[in-house]
Amino acid sequence: MHVVVPKPLRTFGRHPLAALVLTLAGLAAQPTAAEELAKNLFGAKTLPAVAAPQSIGFYSKGCFAGGVAIPLDGPKWEVMRPSRNRRWGHPTMIALIEKLSRDAAADGWPGLLVGDISQPRGGPMLTGHASHQIGLDADIWLTPMPDRKLSINQRENMSATLLVDEKTHLVKDAIWVPAHMRLLRRAASYPEVERILVNPGIKKKLCDTVKGDRAWLRKVRPFWGHDYHFHIRIGCQPGSPNCKRQDATAPGEGCDKSLDWWFTEEPWRPNKNPDRPKARDVMTMASLPAECQAVLDGPDPASAEVVTYYGDGVAVAAATTAPVLAAAPPPARASVSGTGALPASVNAFAATPEIGIPLPRPRPGN
């Protein structure tokens with residue numbers, strides 16, 4: 001009888017079975033399929049999750065439920081790049097943008113060109129921003145609204161005006177007008193607004209030219225980019241117990257050595273690791289707060305129209321439908337002159353605690 005003798009296992013030290021055990025363990029650890037990226041899942045949602053308004057997680061790692069949309073057109077605003085479907089936010093954010101459009105017009109600004117706010121349910125974006133994930137960030141162009149209604153094609157393709165020289169990092173004086181300062185001052189005047197991010201050159205221009213009350217400069221902080229728009233960030237709102245607040249920073253106008261740093265060589269050196277993937281390109285649902293899965297799975301409203309916020313106390317479905325997530329009770333209605341009959345859940349004018357502003361930090365990888 002012919003006996004087949006198996007070849008000996010590759011030894012691992014003095015234990016020939018150890019290699020087999022390690023090999024099998026390695027195979028078991030391999031995923032059967034790569035987990036889908038969170039940006040693809042959230043980017044595919046065209047409507048918000050019907051729920052009580054709630055921001056979850058941090059500005060750059062989170063999501064939100066109960067979002068509402070700003071209308072594409074308003075008396076003093078127009079939404080830019082509408083195909084991105086990023087005109088959604090926490091009701092407080094949307095109400096604040098509408099209020100800013102009215103107040104800025106009274107200050108002499110022709111009207112707002114509204115850039116990205118958030119995706120319908122927040123989360124990592126398919127392209128662009130690292131933040132804007134929890135419905136509390138919004139970009140406003142520094143280009144005034146034209147005196148004619150822009151077509152959809154113009155909104156998709158019109159270029160914004162760059163206010164800063166890319167070589168000197170200083171404001172282009174031929175383009176800068178006092179109305180730019182008044183617009184930023186008005187945005188900073190709201191207690192809900194905790195930060196306004198601008199290009200370092202714009203911050204320097206304000207530091208060099210603002211007279212009288214300069215306390216509002218504390219909220220205006222320099223950051224890379226932001227040379228054709230400014231970024232408004234409001235604080236975590238009542239009813240969002242899982243919203244993570246920003247770190248507090250030291251008081252002051254920010255017109256000191258922290259600003260001087262931006263006009264040295266260090267902030268503009270080439271990235272040491274340009275091939276490092278951006279966070280949104282590696283984040284999965286496991287990277288986000290656990291509650292974001294419920295947001296992703298939440299029911300759609302009947303249409304975008306029923307969750308579009310028009311102000312003046314008009315009810316929105318997201319604010320009146322039972323939530324899919326546990327949330328704190330909504331705050332009591334604030335009685336503030338000029339707010340109209342805003343529902344408590346969409347009141348943009350309740351005070352937000354002052355928590356500070358960011359100092360410069362090393363240039364991010366991407």
# chains A, B, ... in the order shown; residues from 1 in each chain; ligands from 1

$ select_by_dssp --residues "range 186-234 of chain A" --states "strand (DSSP E or B)" --output "number ranges by chain"
A: 193-198, 220-222, 229-234

$ residues_around --residues "range 176-184 of chain A" --least-positions-apart "3" --cutoff "6 Å" --atoms "only C-alpha atoms" --output "ChimeraX atom specification"
/A:104,173,187

$ closest_atom_pairs --of "range 120-210 of chain A" --to "range 68-89 of chain A" --cutoff "6 Å" --atoms "only C-alpha atoms" --output "Markdown table"
| residue | atom | partner | partner_atom | distance |
| --- | --- | --- | --- | --- |
| A:Pro120 | CA | A:Trp88 | CA | 5.3 |
| A:Gly135 | CA | A:Gly89 | CA | 4.1 |
| A:Arg155 | CA | A:Met80 | CA | 4.9 |
| A:Glu156 | CA | A:Arg81 | CA | 4.6 |

$ select_by_dssp --residues "range 30-199 of chain A" --states "alpha helix (DSSP H)" --output "number ranges by chain"
A: 38-43, 91-106, 152-157, 178-188

$ write_last_selection --atoms "C-alpha atoms" --output "compact mmCIF listing (two decimals), in the first residue's frame"
# COMPACT_ATOMS: atom_id res chain seq x y z
CA ALA A 38 -19.94 57.71 6.10
CA LYS A 39 -19.62 60.51 3.52
CA ASN A 40 -21.26 58.31 0.90
CA LEU A 41 -24.12 57.36 3.20
CA PHE A 42 -24.86 60.90 4.37
CA GLY A 43 -24.17 62.40 0.95
CA PRO A 91 -33.44 75.67 12.70
CA THR A 92 -31.53 78.17 14.85
CA MET A 93 -28.84 78.44 12.16
CA ILE A 94 -31.35 78.96 9.36
CA ALA A 95 -33.31 81.56 11.33
CA LEU A 96 -30.10 83.41 12.12
CA ILE A 97 -29.09 83.59 8.44
CA GLU A 98 -32.46 85.07 7.57
CA LYS A 99 -32.14 87.60 10.40
CA LEU A 100 -28.63 88.52 9.25
CA SER A 101 -29.92 89.13 5.73
CA ARG A 102 -32.44 91.65 7.03
CA ASP A 103 -30.11 93.36 9.50
CA ALA A 104 -27.24 93.55 7.02
CA ALA A 105 -29.56 95.15 4.46
CA ALA A 106 -30.42 97.80 7.03
CA ILE A 152 -29.60 78.69 -11.62
CA ASN A 153 -26.75 78.51 -14.12
CA GLN A 154 -25.21 81.69 -12.72
CA ARG A 155 -25.51 80.39 -9.18
CA GLU A 156 -23.73 77.21 -10.16
CA ASN A 157 -20.90 78.84 -12.09
CA PRO A 178 -16.61 99.68 4.68
CA ALA A 179 -19.74 97.61 4.07
CA HIS A 180 -17.62 94.46 4.43
CA MET A 181 -16.72 95.51 7.94
CA ARG A 182 -20.33 96.31 8.81
CA LEU A 183 -21.47 92.90 7.56
CA LEU A 184 -18.93 91.07 9.72
CA ARG A 185 -19.69 93.26 12.72
CA ARG A 186 -23.39 92.54 12.38
CA ALA A 187 -22.79 88.77 12.17
CA ALA A 188 -20.58 88.92 15.26

$ closest_atom_pairs --of "range 35-141 of chain A" --to "range 220-227 of chain A" --cutoff "10 Å" --atoms "only C-alpha atoms" --output "CSV"
residue,atom,partner,partner_atom,distance
A:Asp139,CA,A:His226,CA,9.0
A:Ile140,CA,A:His226,CA,9.8
A:Trp141,CA,A:His226,CA,9.2

$ closest_atom_pairs --of "range 197-231 of chain A" --to "range 164-170 of chain A" --cutoff "9 Å" --atoms "only C-alpha atoms" --output "tab-separated table"
residue	atom	partner	partner_atom	distance
A:Asn199	CA	A:Val164	CA	7.7
A:Pro200	CA	A:His169	CA	7.1
A:Gly201	CA	A:Leu170	CA	4.4
A:Ile202	CA	A:Leu170	CA	7.2
A:Lys204	CA	A:Leu170	CA	7.8
A:Lys205	CA	A:Leu170	CA	7.8
A:Asp227	CA	A:Val164	CA	5.7
A:Tyr228	CA	A:Val164	CA	8.0

$ atom_distance --atom1 "CA of Glu266 in chain A" --atom2 "CA of Cys207 in chain A"
21.2 Å

$ decode --residues "range 228-254 of chain A" --atoms "N, CA and C atoms" --output "PDB file, in the first residue's frame"
ATOM      1  N   TYR A 228     -12.824  84.457   0.114  1.00  0.00           N
ATOM      2  CA  TYR A 228     -13.967  84.935  -0.661  1.00  0.00           C
ATOM      3  C   TYR A 228     -15.284  84.781   0.118  1.00  0.00           C
ATOM      4  N   HIS A 229     -15.221  84.166   1.275  1.00  0.00           N
ATOM      5  CA  HIS A 229     -16.405  84.013   2.114  1.00  0.00           C
ATOM      6  C   HIS A 229     -15.984  84.053   3.576  1.00  0.00           C
ATOM      7  N   PHE A 230     -16.956  84.231   4.450  1.00  0.00           N
ATOM      8  CA  PHE A 230     -16.680  84.077   5.875  1.00  0.00           C
ATOM      9  C   PHE A 230     -17.553  82.967   6.421  1.00  0.00           C
ATOM     10  N   HIS A 231     -17.098  82.368   7.502  1.00  0.00           N
ATOM     11  CA  HIS A 231     -17.710  81.171   8.069  1.00  0.00           C
ATOM     12  C   HIS A 231     -18.307  81.535   9.420  1.00  0.00           C
ATOM     13  N   ILE A 232     -19.622  81.351   9.553  1.00  0.00           N
ATOM     14  CA  ILE A 232     -20.309  81.598  10.814  1.00  0.00           C
ATOM     15  C   ILE A 232     -20.465  80.270  11.545  1.00  0.00           C
ATOM     16  N   ARG A 233     -20.143  80.259  12.822  1.00  0.00           N
ATOM     17  CA  ARG A 233     -20.363  79.068  13.644  1.00  0.00           C
ATOM     18  C   ARG A 233     -21.107  79.467  14.902  1.00  0.00           C
ATOM     19  N   ILE A 234     -22.236  78.809  15.125  1.00  0.00           N
ATOM     20  CA  ILE A 234     -22.985  79.054  16.355  1.00  0.00           C
ATOM     21  C   ILE A 234     -22.725  77.912  17.334  1.00  0.00           C
ATOM     22  N   GLY A 235     -23.093  78.139  18.590  1.00  0.00           N
ATOM     23  CA  GLY A 235     -22.836  77.153  19.627  1.00  0.00           C
ATOM     24  C   GLY A 235     -23.888  76.061  19.669  1.00  0.00           C
ATOM     25  N   CYS A 236     -23.609  75.014  20.451  1.00  0.00           N
ATOM     26  CA  CYS A 236     -24.570  73.936  20.662  1.00  0.00           C
ATOM     27  C   CYS A 236     -25.866  74.520  21.214  1.00  0.00           C
ATOM     28  N   GLN A 237     -26.982  74.039  20.689  1.00  0.00           N
ATOM     29  CA  GLN A 237     -28.275  74.602  21.043  1.00  0.00           C
ATOM     30  C   GLN A 237     -29.015  73.751  22.072  1.00  0.00           C
ATOM     31  N   PRO A 238     -29.926  74.357  22.837  1.00  0.00           N
ATOM     32  CA  PRO A 238     -30.759  73.582  23.754  1.00  0.00           C
ATOM     33  C   PRO A 238     -31.463  72.451  23.010  1.00  0.00           C
ATOM     34  N   GLY A 239     -31.619  71.324  23.675  1.00  0.00           N
ATOM     35  CA  GLY A 239     -32.224  70.166  23.039  1.00  0.00           C
ATOM     36  C   GLY A 239     -31.221  69.270  22.354  1.00  0.00           C
ATOM     37  N   SER A 240     -29.934  69.570  22.487  1.00  0.00           N
ATOM     38  CA  SER A 240     -28.873  68.770  21.868  1.00  0.00           C
ATOM     39  C   SER A 240     -27.878  68.321  22.935  1.00  0.00           C
ATOM     40  N   PRO A 241     -28.272  67.385  23.800  1.00  0.00           N
ATOM     41  CA  PRO A 241     -27.383  66.988  24.891  1.00  0.00           C
ATOM     42  C   PRO A 241     -26.116  66.296  24.430  1.00  0.00           C
ATOM     43  N   ASN A 242     -26.106  65.774  23.214  1.00  0.00           N
ATOM     44  CA  ASN A 242     -24.935  65.063  22.710  1.00  0.00           C
ATOM     45  C   ASN A 242     -24.087  65.921  21.767  1.00  0.00           C
ATOM     46  N   CYS A 243     -24.346  67.221  21.762  1.00  0.00           N
ATOM     47  CA  CYS A 243     -23.531  68.143  20.966  1.00  0.00           C
ATOM     48  C   CYS A 243     -22.284  68.500  21.763  1.00  0.00           C
ATOM     49  N   LYS A 244     -21.139  68.405  21.123  1.00  0.00           N
ATOM     50  CA  LYS A 244     -19.872  68.661  21.795  1.00  0.00           C
ATOM     51  C   LYS A 244     -19.424  70.094  21.534  1.00  0.00           C
ATOM     52  N   ARG A 245     -19.253  70.850  22.609  1.00  0.00           N
ATOM     53  CA  ARG A 245     -18.903  72.263  22.476  1.00  0.00           C
ATOM     54  C   ARG A 245     -17.438  72.455  22.098  1.00  0.00           C
ATOM     55  N   GLN A 246     -17.164  73.636  21.595  1.00  0.00           N
ATOM     56  CA  GLN A 246     -15.792  74.010  21.265  1.00  0.00           C
ATOM     57  C   GLN A 246     -15.029  74.381  22.536  1.00  0.00           C
ATOM     58  N   ASP A 247     -13.717  74.289  22.468  1.00  0.00           N
ATOM     59  CA  ASP A 247     -12.884  74.687  23.593  1.00  0.00           C
ATOM     60  C   ASP A 247     -12.911  76.203  23.768  1.00  0.00           C
ATOM     61  N   ALA A 248     -12.909  76.621  25.000  1.00  0.00           N
ATOM     62  CA  ALA A 248     -12.818  78.046  25.294  1.00  0.00           C
ATOM     63  C   ALA A 248     -11.384  78.520  25.107  1.00  0.00           C
ATOM     64  N   THR A 249     -11.227  79.787  24.773  1.00  0.00           N
ATOM     65  CA  THR A 249      -9.899  80.369  24.608  1.00  0.00           C
ATOM     66  C   THR A 249      -9.813  81.682  25.381  1.00  0.00           C
ATOM     67  N   ALA A 250      -8.624  82.199  25.463  1.00  0.00           N
ATOM     68  CA  ALA A 250      -8.402  83.429  26.224  1.00  0.00           C
ATOM     69  C   ALA A 250      -9.119  84.609  25.567  1.00  0.00           C
ATOM     70  N   PRO A 251      -9.567  85.575  26.365  1.00  0.00           N
ATOM     71  CA  PRO A 251     -10.223  86.759  25.801  1.00  0.00           C
ATOM     72  C   PRO A 251      -9.231  87.657  25.089  1.00  0.00           C
ATOM     73  N   GLY A 252      -9.761  88.637  24.388  1.00  0.00           N
ATOM     74  CA  GLY A 252      -8.914  89.586  23.674  1.00  0.00           C
ATOM     75  C   GLY A 252      -9.409  89.795  22.261  1.00  0.00           C
ATOM     76  N   GLU A 253      -8.920  90.832  21.620  1.00  0.00           N
ATOM     77  CA  GLU A 253      -9.342  91.160  20.259  1.00  0.00           C
ATOM     78  C   GLU A 253      -8.741  90.234  19.208  1.00  0.00           C
ATOM     79  N   GLY A 254      -7.642  89.564  19.558  1.00  0.00           N
ATOM     80  CA  GLY A 254      -6.958  88.738  18.567  1.00  0.00           C
ATOM     81  C   GLY A 254      -6.096  89.535  17.614  1.00  0.00           C
TER      82      GLY A 254
END
